[in-house]
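Novice: So here's entry.cif, just mmCIF, C-alpha atoms:
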```
data_model
#
loop_
_atom_site.label_atom_id
_atom_site.label_comp_id
_atom_site.auth_asym_id
_atom_site.auth_seq_id
_atom_site.Cartn_x
_atom_site.Cartn_y
_atom_site.Cartn_z
CA MET R 254 11.75 21.52 19.53
CA ARG R 255 13.92 19.18 21.54
CA ILE R 256 13.88 15.93 19.56
CA ILE R 257 15.07 12.38 20.18
CA PHE R 258 15.79 10.45 16.98
CA LEU R 259 15.35 6.67 16.65
CA GLY R 260 16.84 5.06 13.55
CA THR R 261 19.10 2.25 12.40
CA SER R 262 19.36 1.63 8.64
CA ASP R 263 20.44 3.77 5.67
CA PHE R 264 16.82 4.76 5.11
CA ALA R 265 16.92 6.84 8.32
CA LEU R 266 20.09 8.82 7.54
CA PRO R 267 18.62 11.61 5.35
CA ALA R 268 15.94 12.29 7.98
CA LEU R 269 18.56 12.55 10.72
CA GLU R 270 20.74 14.85 8.61
CA THR R 271 17.71 17.07 7.90
CA LEU R 272 16.90 17.38 11.60
CA LEU R 273 20.51 18.25 12.40
CA GLY R 274 20.45 20.99 9.78
CA SER R 275 17.19 22.50 11.04
CA GLU R 276 16.40 24.93 13.85
CA HIS R 277 15.38 22.02 16.06
CA THR R 278 17.71 20.27 18.52
CA VAL R 279 18.51 16.57 18.31
CA ILE R 280 19.27 15.84 21.95
CA CYS R 281 20.28 12.22 21.32
CA VAL R 282 20.13 9.35 18.83
CA VAL R 283 18.93 5.84 19.66
CA SER R 284 20.00 3.03 17.31
CA ARG R 285 20.20 -0.76 17.35
CA PRO R 286 23.36 -2.50 18.65
CA PRO R 287 26.12 -3.63 16.26
CA LYS R 288 25.70 -7.04 14.59
CA PRO R 289 28.08 -9.60 13.07
CA ALA R 290 28.26 -9.19 9.29
CA GLY R 291 30.25 -10.41 6.29
CA ARG R 292 32.22 -13.60 5.85
CA GLY R 293 34.29 -12.99 8.96
CA LYS R 294 31.21 -12.18 11.05
CA LYS R 295 32.91 -9.10 12.44
CA MET R 296 30.77 -6.77 14.51
CA ARG R 297 29.47 -3.92 12.35
CA GLN R 298 27.76 -0.74 13.44
CA PRO R 299 24.44 0.09 11.76
CA PRO R 300 24.60 3.15 9.46
CA VAL R 301 22.84 5.56 11.85
CA ALA R 302 25.11 4.60 14.74
CA GLU R 303 28.23 4.94 12.60
CA TYR R 304 27.10 8.36 11.37
CA SER R 305 26.31 9.48 14.92
CA GLN R 306 29.72 8.45 16.20
CA LYS R 307 31.51 10.26 13.36
CA ASN R 308 29.51 13.42 14.06
CA LEU R 309 29.94 13.21 17.84
CA LEU R 310 26.21 12.90 18.55
CA GLU R 311 25.02 11.51 21.85
CA LEU R 312 24.28 7.90 20.95
CA TYR R 313 22.51 5.07 22.78
CA GLN R 314 22.33 1.47 21.56
CA PRO R 315 20.34 -0.55 24.08
CA GLU R 316 19.66 -4.24 23.46
CA LYS R 317 16.14 -3.62 24.74
CA LEU R 318 14.08 -0.52 25.38
CA THR R 319 13.74 -1.22 29.09
CA GLU R 320 11.76 0.88 31.53
CA GLU R 321 15.02 2.16 33.00
CA PHE R 322 16.24 3.28 29.57
CA VAL R 323 12.92 4.92 28.72
CA ASN R 324 13.16 6.84 32.00
CA THR R 325 16.60 8.05 30.90
CA LEU R 326 15.10 9.39 27.68
CA ARG R 327 12.18 10.92 29.55
CA SER R 328 14.59 12.77 31.85
CA MET R 329 15.96 14.60 28.78
CA GLU R 330 12.54 16.28 28.45
CA PRO R 331 12.03 15.76 24.71
CA GLU R 332 9.14 17.54 23.06
CA LEU R 333 9.03 15.03 20.20
CA ILE R 334 10.49 11.64 19.24
CA VAL R 335 11.06 10.94 15.53
CA SER R 336 11.62 7.36 14.35
CA ALA R 337 12.64 5.99 10.95
CA ALA R 338 13.57 2.36 10.29
CA TYR R 339 14.52 1.76 13.92
CA GLY R 340 13.80 -1.96 13.64
CA ALA R 341 12.32 -2.83 17.03
CA TRP R 342 9.01 -2.64 18.86
CA LEU R 343 8.49 0.57 20.82
CA PRO R 344 7.02 -0.01 24.30
CA GLU R 345 4.02 2.03 25.40
CA LYS R 346 6.04 3.94 27.98
CA LEU R 347 8.32 5.23 25.24
CA LEU R 348 5.33 6.42 23.23
CA ASP R 349 4.40 8.65 26.17
CA ALA R 350 7.95 9.86 26.88
CA SER R 351 7.51 13.11 24.94
CA LYS R 352 4.74 15.68 24.83
CA LEU R 353 3.94 15.07 21.15
CA GLY R 354 4.56 11.32 21.11
CA VAL R 355 6.48 9.49 18.37
CA VAL R 356 6.26 10.52 14.72
CA ASN R 357 7.27 7.57 12.55
CA VAL R 358 8.37 7.64 8.91
CA HIS R 359 7.01 4.60 7.03
CA PRO R 360 7.86 3.88 3.36
CA SER R 361 4.40 3.03 2.00
CA LEU R 362 0.97 4.52 1.46
CA LEU R 363 -0.66 3.47 4.71
CA PRO R 364 -2.73 1.44 5.41
CA ARG R 365 -1.30 -0.46 2.43
CA TYR R 366 1.92 -2.33 3.23
CA ARG R 367 2.14 -2.04 6.96
CA GLY R 368 5.00 -4.08 8.38
CA ALA R 369 8.63 -4.97 7.83
CA ALA R 370 9.09 -5.11 4.02
CA PRO R 371 6.84 -2.49 2.41
CA ILE R 372 9.19 -1.50 -0.43
CA THR R 373 10.08 -5.06 -1.43
CA ARG R 374 6.45 -6.19 -1.34
CA ALA R 375 5.30 -3.27 -3.48
CA ILE R 376 7.80 -4.21 -6.21
CA LEU R 377 6.93 -7.92 -5.96
CA ASP R 378 3.25 -7.12 -6.36
CA GLY R 379 3.88 -5.08 -9.50
CA MET R 380 2.59 -1.83 -8.01
CA ASP R 381 3.25 1.32 -10.02
CA GLU R 382 3.10 3.65 -7.00
CA THR R 383 4.12 3.79 -3.38
CA GLY R 384 5.10 6.62 -1.05
CA VAL R 385 6.00 7.85 2.40
CA SER R 386 3.60 8.11 5.34
CA PHE R 387 4.18 10.10 8.53
CA MET R 388 2.20 8.61 11.38
CA ILE R 389 1.82 8.74 15.14
CA THR R 390 3.14 5.47 16.54
CA ASP R 391 0.69 3.53 18.69
CA SER R 392 0.80 0.03 20.17
CA GLY R 393 0.12 -1.69 16.81
CA TRP R 394 2.30 -2.38 13.79
CA ASP R 395 2.04 0.82 11.72
CA THR R 396 -1.58 1.28 12.76
CA GLY R 397 -1.44 4.79 14.25
CA PRO R 398 -3.08 7.95 12.94
CA VAL R 399 -1.52 9.37 9.75
CA ILE R 400 -0.33 12.98 9.68
CA ALA R 401 0.65 13.22 6.00
CA VAL R 402 1.23 11.01 2.93
CA TYR R 403 3.44 11.69 -0.09
CA HIS R 404 3.30 9.61 -3.29
CA GLU R 405 6.19 8.25 -5.37
CA ARG R 406 6.17 6.38 -8.69
CA ILE R 407 7.76 2.94 -8.89
CA LEU R 408 9.91 3.00 -12.02
CA PRO R 409 10.23 -0.01 -14.36
CA LEU R 410 13.86 -0.66 -13.39
CA ASP R 411 13.54 0.12 -9.67
CA THR R 412 15.14 -2.24 -7.19
CA THR R 413 14.35 -2.18 -3.50
CA GLY R 414 17.64 -0.31 -3.06
CA SER R 415 16.95 2.43 -5.61
CA LEU R 416 13.36 2.94 -4.50
CA GLU R 417 14.32 3.00 -0.82
CA GLU R 418 16.90 5.71 -1.54
CA ARG R 419 14.34 7.93 -3.29
CA LEU R 420 11.77 7.42 -0.55
CA SER R 421 14.32 8.25 2.15
CA ILE R 422 15.16 11.52 0.38
CA LYS R 423 11.48 12.36 -0.08
CA ALA R 424 10.84 11.67 3.61
CA ALA R 425 13.73 13.94 4.61
CA ASP R 426 12.50 16.70 2.28
CA LYS R 427 9.04 16.67 3.91
CA LEU R 428 10.04 15.95 7.52
CA ILE R 429 10.40 19.49 8.88
CA ASP R 430 7.12 20.68 7.33
CA VAL R 431 5.35 17.65 8.81
CA ILE R 432 6.64 17.88 12.36
CA GLU R 433 6.15 21.65 12.47
CA GLY R 434 2.66 21.36 10.99
CA TYR R 435 1.82 18.64 13.49
CA SER R 436 3.27 20.48 16.50
CA THR R 437 1.36 23.69 15.68
CA GLY R 438 -1.94 21.95 14.94
CA ILE R 439 -1.97 22.76 11.22
CA LEU R 440 -1.72 19.06 10.34
CA ILE R 441 -4.24 16.89 12.20
CA PRO R 442 -3.52 13.12 12.41
CA GLU R 443 -6.32 11.01 10.93
CA GLU R 444 -7.21 7.43 11.81
CA GLN R 445 -6.30 4.89 9.12
CA PRO R 446 -8.97 3.11 7.07
CA GLU R 447 -9.54 -0.53 7.95
CA ASP R 448 -8.56 -2.00 4.55
CA ALA R 449 -4.97 -2.71 5.57
CA LEU R 450 -2.44 -4.81 3.69
CA TYR R 451 0.57 -6.23 5.53
CA ALA R 452 4.10 -6.49 4.15
CA ASP R 453 5.56 -9.41 6.08
CA LYS R 454 9.29 -9.86 6.51
CA ILE R 455 10.94 -11.64 3.57
CA LYS R 456 11.68 -15.31 4.26
CA THR R 457 14.56 -17.18 2.65
CA ASP R 458 12.20 -19.60 0.89
CA GLU R 459 10.68 -16.66 -0.99
CA THR R 460 14.00 -15.72 -2.54
CA TRP R 461 14.20 -18.87 -4.71
CA LEU R 462 13.24 -18.39 -8.36
CA ASP R 463 10.57 -20.84 -9.52
CA TRP R 464 11.19 -20.99 -13.26
CA ASN R 465 7.64 -22.22 -13.84
CA MET R 466 6.42 -18.72 -12.97
CA SER R 467 6.07 -16.00 -15.59
CA ALA R 468 9.15 -14.09 -16.72
CA ARG R 469 7.53 -10.79 -15.72
CA TYR R 470 7.02 -11.95 -12.15
CA LEU R 471 10.54 -13.37 -11.90
CA GLU R 472 12.03 -10.14 -13.28
CA ARG R 473 10.21 -8.23 -10.50
CA LYS R 474 11.48 -10.76 -7.99
CA VAL R 475 15.08 -10.16 -9.06
CA ARG R 476 14.61 -6.40 -8.62
CA ALA R 477 12.73 -6.76 -5.34
CA PHE R 478 15.56 -8.74 -3.73
CA GLN R 479 18.29 -6.28 -4.72
CA PRO R 480 20.60 -5.40 -3.11
CA SER R 481 19.68 -7.97 -0.46
CA PRO R 482 19.04 -10.86 0.09
CA GLY R 483 19.30 -11.68 -3.64
CA ALA R 484 17.15 -13.89 -5.88
CA ARG R 485 18.43 -17.48 -5.76
CA THR R 486 18.71 -20.42 -8.12
CA MET R 487 20.88 -23.53 -8.47
CA HIS R 488 23.05 -24.82 -11.31
CA CYS R 489 24.63 -28.26 -11.02
CA GLY R 490 24.22 -28.15 -7.24
CA LYS R 491 25.83 -24.72 -6.85
CA LEU R 492 24.07 -21.61 -5.60
CA LEU R 493 23.76 -18.61 -7.90
CA LYS R 494 22.17 -15.26 -7.13
CA ILE R 495 20.63 -13.41 -10.05
CA SER R 496 21.38 -9.71 -9.56
CA SER R 497 19.91 -8.24 -12.74
CA ALA R 498 17.71 -9.58 -15.56
CA ARG R 499 15.40 -8.41 -18.31
CA LEU R 500 12.63 -9.90 -20.40
CA SER R 501 13.63 -11.92 -23.45
CA ASP R 502 11.78 -13.63 -26.32
CA CYS R 503 14.11 -16.63 -26.36
CA ASP R 504 12.18 -19.91 -26.77
CA ALA R 505 13.04 -22.30 -23.91
CA GLY R 506 11.31 -24.46 -21.35
CA PRO R 507 11.10 -23.46 -17.67
CA GLY R 508 14.61 -23.25 -16.20
CA GLU R 509 16.24 -24.24 -19.50
CA ILE R 510 19.46 -22.37 -20.33
CA VAL R 511 20.08 -21.03 -23.82
CA LEU R 512 23.47 -19.51 -24.64
CA ARG R 513 23.12 -17.32 -27.72
CA GLU R 514 25.71 -14.87 -29.06
CA GLY R 515 27.41 -14.69 -25.68
CA LEU R 516 24.15 -13.97 -23.86
CA LEU R 517 22.55 -16.05 -21.11
CA HIS R 518 18.82 -16.74 -21.44
CA VAL R 519 16.62 -18.83 -19.13
CA GLY R 520 13.18 -20.15 -20.01
CA CYS R 521 10.21 -19.36 -17.77
CA GLY R 522 6.55 -20.32 -17.57
CA GLY R 523 4.59 -18.69 -20.39
CA GLU R 524 5.89 -17.31 -23.67
CA GLU R 525 8.62 -14.98 -22.39
CA SER R 526 12.00 -15.82 -20.88
CA LEU R 527 14.69 -13.91 -18.98
CA GLU R 528 18.05 -12.68 -20.12
CA ILE R 529 20.42 -12.75 -17.15
CA LEU R 530 22.52 -9.58 -17.03
CA GLU R 531 24.37 -9.90 -13.73
CA ILE R 532 25.01 -12.89 -11.53
CA GLN R 533 26.72 -13.68 -8.24
CA PRO R 534 28.22 -17.14 -7.73
CA ALA R 535 28.53 -18.37 -4.15
CA SER R 536 31.34 -16.64 -2.22
CA LYS R 537 32.11 -14.31 -5.14
CA SER R 538 31.26 -10.77 -6.15
CA VAL R 539 28.54 -9.76 -8.59
CA MET R 540 29.72 -10.02 -12.21
CA SER R 541 28.27 -9.59 -15.67
CA ALA R 542 26.74 -12.66 -17.29
CA ALA R 543 29.44 -12.51 -19.99
CA GLU R 544 32.19 -12.55 -17.36
CA PHE R 545 30.49 -15.40 -15.54
CA LEU R 546 30.14 -17.50 -18.71
CA ARG R 547 33.88 -17.22 -19.44
CA GLY R 548 34.65 -19.24 -16.35
CA ALA R 549 31.51 -21.30 -15.87
CA ARG R 550 30.82 -24.81 -17.08
CA MET R 551 27.41 -23.94 -18.46
CA LYS R 552 25.92 -24.97 -21.77
CA THR R 553 22.68 -24.72 -23.70
CA GLY R 554 20.19 -27.28 -22.46
CA ASP R 555 21.38 -27.14 -18.82
CA LYS R 556 18.71 -26.42 -16.23
CA LEU R 557 18.47 -23.92 -13.39
CA GLU R 558 16.57 -25.25 -10.40
CA ASN R 559 14.91 -24.00 -7.21
CA HIS R 560 16.79 -25.87 -4.48
#
```
Produce structure tokens that represent the structure in this file.
Specialist:
Amino acid sequence: MRIIFLGTSDFALPALETLLGSEHTVICVVSRPPKPAGRGKKMRQPPVAEYSQKNLLELYQPEKLTEEFVNTLRSMEPELIVSAAYGAWLPEKLLDASKLGVVNVHPSLLPRYRGAAPITRAILDGMDETGVSFMITDSGWDTGPVIAVYHERILPLDTTGSLEERLSIKAADKLIDVIEGYSTGILIPEEQPEDALYADKIKTDETWLDWNMSARYLERKVRAFQPSPGARTMHCGKLLKISSARLSDCDAGPGEIVLREGLLHVGCGGEESLEILEIQPASKSVMSAAEFLRGARMKTGDKLENH
């Protein structure tokens, strides 16, 4: 098949690589435009665009998917469009630009966790399973008919980053079988059940750690916000991001710091507390708690706060 690929983030890369290594032809790649990133706010290409440039693929990065641009894609006579983590709404005219429509890769078990942050929300909610769904894109947010679903366990130490990597590999492993099964009529798309759950985009306010919450929930929150945007707290008016933590039996009140044998514990709501393993001070790199304590003015009895 002649295929157009839409993708932007790291999640999409294994799928693109799989298509390029198959008998099908990727006639072009469509990705989002570069964005300012880092302290210097230099323009940075998204991973799919960078990969496409290095491998001399025909690449388009429109600000908007205008009618004129969709007509350009249509003129290439694609038989199928595959999308994975493209990051923008697809207009109806694009959905009709190929004979077989748009097959989208979504990292959840649809209809659970439709939307922008399905992996993060699954970890936050304490789910023990998620997966990858292949669906036909329609005019809704992840509401189209599902071609195939593949399950994946959420491991106790999974972060959003580690789980996303495994799901991206699983999606790539299954992609060719799915698109070939769909194109030949072996796999028939089925309408989704109505009991949908939405995974809204993560807001900055959600990243703050409320030390009155249970240690188990806060430990999930730390993992869910890794590698980005990071779980936040304050100490003496300075921002800290907690990068890694584990449950502890240290006796302390909510937000209360206990330094014991070179270890950093923080009290939470309920009987358990957290031991902080890795931490990122403002404008610095992630470091171990032991390394942080060597240079920090922190003592037992201090408090960590929300804002």
Novice: As an exercise, work out the distance from atom CA of Arg469 of chain R to atom CA of Val539 of chain R in Å and give it to one decimal place.
Specialist: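 These atoms are spaced 22.2 Å apart.
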Novice: Provide the atom CA of Glu524 of chain R to atom CA of Ile372 of chain R distance in Å, to one decimal place.
Specialist: 28.3 Å
Novice: Any idea what's packed within 12 Å of Leu272 of chain R, counting only C-alpha atoms, ignoring anything in its chain fewer than 5 positions away? Could you give it as a list of chain:residue names?
Specialist: R:Met254, R:Arg255, R:Ile256, R:Ile257, R:Phe258, R:Leu259, R:Ala265, R:Leu266, R:Pro267, R:His277, R:Thr278, R:Val279, R:Ile280, R:Cys281, R:Val282, R:Leu333, R:Ile334, R:Val335, R:Ser336, R:Ala424, R:Ala425, R:Asp426, R:Lys427, R:Leu428, R:Ile429, R:Asp430, R:Val431, R:Ile432, R:Glu433
Novice: Using only C-alpha atoms, find the one residue out of R:Ser467, R:Ser421, R:Ser501, R:Ser284 that sits nearest to Ser361 of chain R.
Specialist: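 Under the stated criterion, the closest residue is R:Ser421.
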Novice: Just so the selection is clear, what residues does the PyMOL selection byres ((chain R and resi 346-351) around 10) cover here, as a ChimeraX atom specification?
Specialist: /R:255-257,318-320,322-334,343-345,352-356,389-392
Novice: Kindly save the residues from that selection, with C-alpha atoms included, as an mmCIF file, in the coordinates of the input.
Specialist:
```cif
data_model
loop_
_atom_site.group_PDB
_atom_site.id
_atom_site.type_symbol
_atom_site.label_atom_id
_atom_site.label_comp_id
_atom_site.auth_asym_id
_atom_site.auth_seq_id
_atom_site.Cartn_x
_atom_site.Cartn_y
_atom_site.Cartn_z
ATOM 1 C CA ARG R 255 13.920 19.180 21.540
ATOM 2 C CA ILE R 256 13.880 15.930 19.560
ATOM 3 C CA ILE R 257 15.070 12.380 20.180
ATOM 4 C CA LEU R 318 14.080 -0.520 25.380
ATOM 5 C CA THR R 319 13.740 -1.220 29.090
ATOM 6 C CA GLU R 320 11.760 0.880 31.530
ATOM 7 C CA PHE R 322 16.240 3.280 29.570
ATOM 8 C CA VAL R 323 12.920 4.920 28.720
ATOM 9 C CA ASN R 324 13.160 6.840 32.000
ATOM 10 C CA THR R 325 16.600 8.050 30.900
ATOM 11 C CA LEU R 326 15.100 9.390 27.680
ATOM 12 C CA ARG R 327 12.180 10.920 29.550
ATOM 13 C CA SER R 328 14.590 12.770 31.850
ATOM 14 C CA MET R 329 15.960 14.600 28.780
ATOM 15 C CA GLU R 330 12.540 16.280 28.450
ATOM 16 C CA PRO R 331 12.030 15.760 24.710
ATOM 17 C CA GLU R 332 9.140 17.540 23.060
ATOM 18 C CA LEU R 333 9.030 15.030 20.200
ATOM 19 C CA ILE R 334 10.490 11.640 19.240
ATOM 20 C CA LEU R 343 8.490 0.570 20.820
ATOM 21 C CA PRO R 344 7.020 -0.010 24.300
ATOM 22 C CA GLU R 345 4.020 2.030 25.400
ATOM 23 C CA LYS R 352 4.740 15.680 24.830
ATOM 24 C CA LEU R 353 3.940 15.070 21.150
ATOM 25 C CA GLY R 354 4.560 11.320 21.110
ATOM 26 C CA VAL R 355 6.480 9.490 18.370
ATOM 27 C CA VAL R 356 6.260 10.520 14.720
ATOM 28 C CA ILE R 389 1.820 8.740 15.140
ATOM 29 C CA THR R 390 3.140 5.470 16.540
ATOM 30 C CA ASP R 391 0.690 3.530 18.690
ATOM 31 C CA SER R 392 0.800 0.030 20.170
#
```
Novice: As a list of chain:residue names, please: the residues near Pro534 of chain R (cut-off 9 Å, all atoms listed in the file, same-chain neighbours under 3 positions excluded).
Specialist: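 My reading of the contact set: R:Lys491, R:Leu492, R:Leu493, R:Lys494, R:Ile495, R:Lys537, R:Ser538, R:Val539, R:Met540, R:Phe545.
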Novice: Could you state which residues are captured by the PyMOL selection byres ((chain R and resi 435-448) around 8) in this file, as a count of residues only?
Specialist: 18
Novice: Would you pick out the contacts of Pro360 of chain R at 8 Å or less, using all atoms listed in the file, so that residues sharing its chain but fewer than 3 positions from it are not included, and give the list as JSON, numbers by chain?
Specialist: {"R": [371, 372, 383, 384, 385, 386, 417, 420, 421]}
Novice: For atom CA of Asn308 of chain R and atom CA of Ala338 of chain R, quote the distance in Å rounded to one decimal.
Specialist: 19.8 Å
Novice: Within 7 Å of (11.7, 6.8, -8.0) (file coordinates; only C-alpha atoms), which protein or nucleic acid residues are there? I'd like them as a list in words.
Specialist: Glu405, Arg406, Ile407, Leu408, Leu416 and Arg419 of chain R
Novice: Next, write the just-selected residues to a file, as a short mmCIF file (atom, residue, chain, number, x, y, z; two decimals), in the coordinates of the input, keeping C-alpha atoms as the atom set.
Specialist:
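Heads up, here's the output in selection29.cif:
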```
data_model
loop_
_atom_site.label_atom_id
_atom_site.label_comp_id
_atom_site.auth_asym_id
_atom_site.auth_seq_id
_atom_site.Cartn_x
_atom_site.Cartn_y
_atom_site.Cartn_z
CA GLU R 405 6.19 8.25 -5.37
CA ARG R 406 6.17 6.38 -8.69
CA ILE R 407 7.76 2.94 -8.89
CA LEU R 408 9.91 3.00 -12.02
CA LEU R 416 13.36 2.94 -4.50
CA ARG R 419 14.34 7.93 -3.29
#
```
Novice: Using the chain letters and numbers from the file, which residues does the PyMOL selection byres ((chain R and resi 470) around 12) grab, as a count of residues only?
Specialist: 29
Novice: Go through R:Ala337, R:Met551, R:Val283, R:Leu410 and flag the residue nearest Asp263 of chain R, using only C-alpha atoms for the distances.
Specialist: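 Nearest candidate to Asp263 of chain R out of R:Ala337, R:Met551, R:Val283, R:Leu410: R:Ala337.
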Novice: So which one's closest to Gly520 of chain R, R:His359, R:Lys556, R:Lys423, R:Arg374? Using all atoms listed in the file, please.
Specialist: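 The shortest atom-to-atom distance to Gly520 of chain R comes from R:Lys556.
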Novice: Excluding Gly340 of chain R and residues on its chain fewer than 2 positions from it, collect all residues at most 8 Å away from it, counting all atoms listed in the file, and give them as a PDB file with C-alpha atoms, keeping the file's coordinate frame.
Specialist:
```
ATOM      1  CA  GLY R 260      16.840   5.060  13.550  1.00  0.00           C
ATOM      2  CA  THR R 261      19.100   2.250  12.400  1.00  0.00           C
ATOM      3  CA  ARG R 285      20.200  -0.760  17.350  1.00  0.00           C
ATOM      4  CA  ALA R 338      13.570   2.360  10.290  1.00  0.00           C
ATOM      5  CA  TRP R 342       9.010  -2.640  18.860  1.00  0.00           C
TER       6      TRP R 342
END
```
Novice: Could you give me, as JSON, numbers by chain, the residues within 10 Å of Ser541 of chain R, counting all atoms listed in the file and dropping anything in the same chain fewer than 6 positions from it?
Specialist: {"R": [496, 497, 529, 530, 531, 532, 533]}
Novice: Just checking: using all atoms listed in the file, which residue out of R:Ser305, R:Pro300, R:Lys454, R:Ala268 ends up closest to Asn357 of chain R?
Specialist: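 Between R:Ser305, R:Pro300, R:Lys454, R:Ala268, the residue approaching Asn357 of chain R most closely is R:Ala268.
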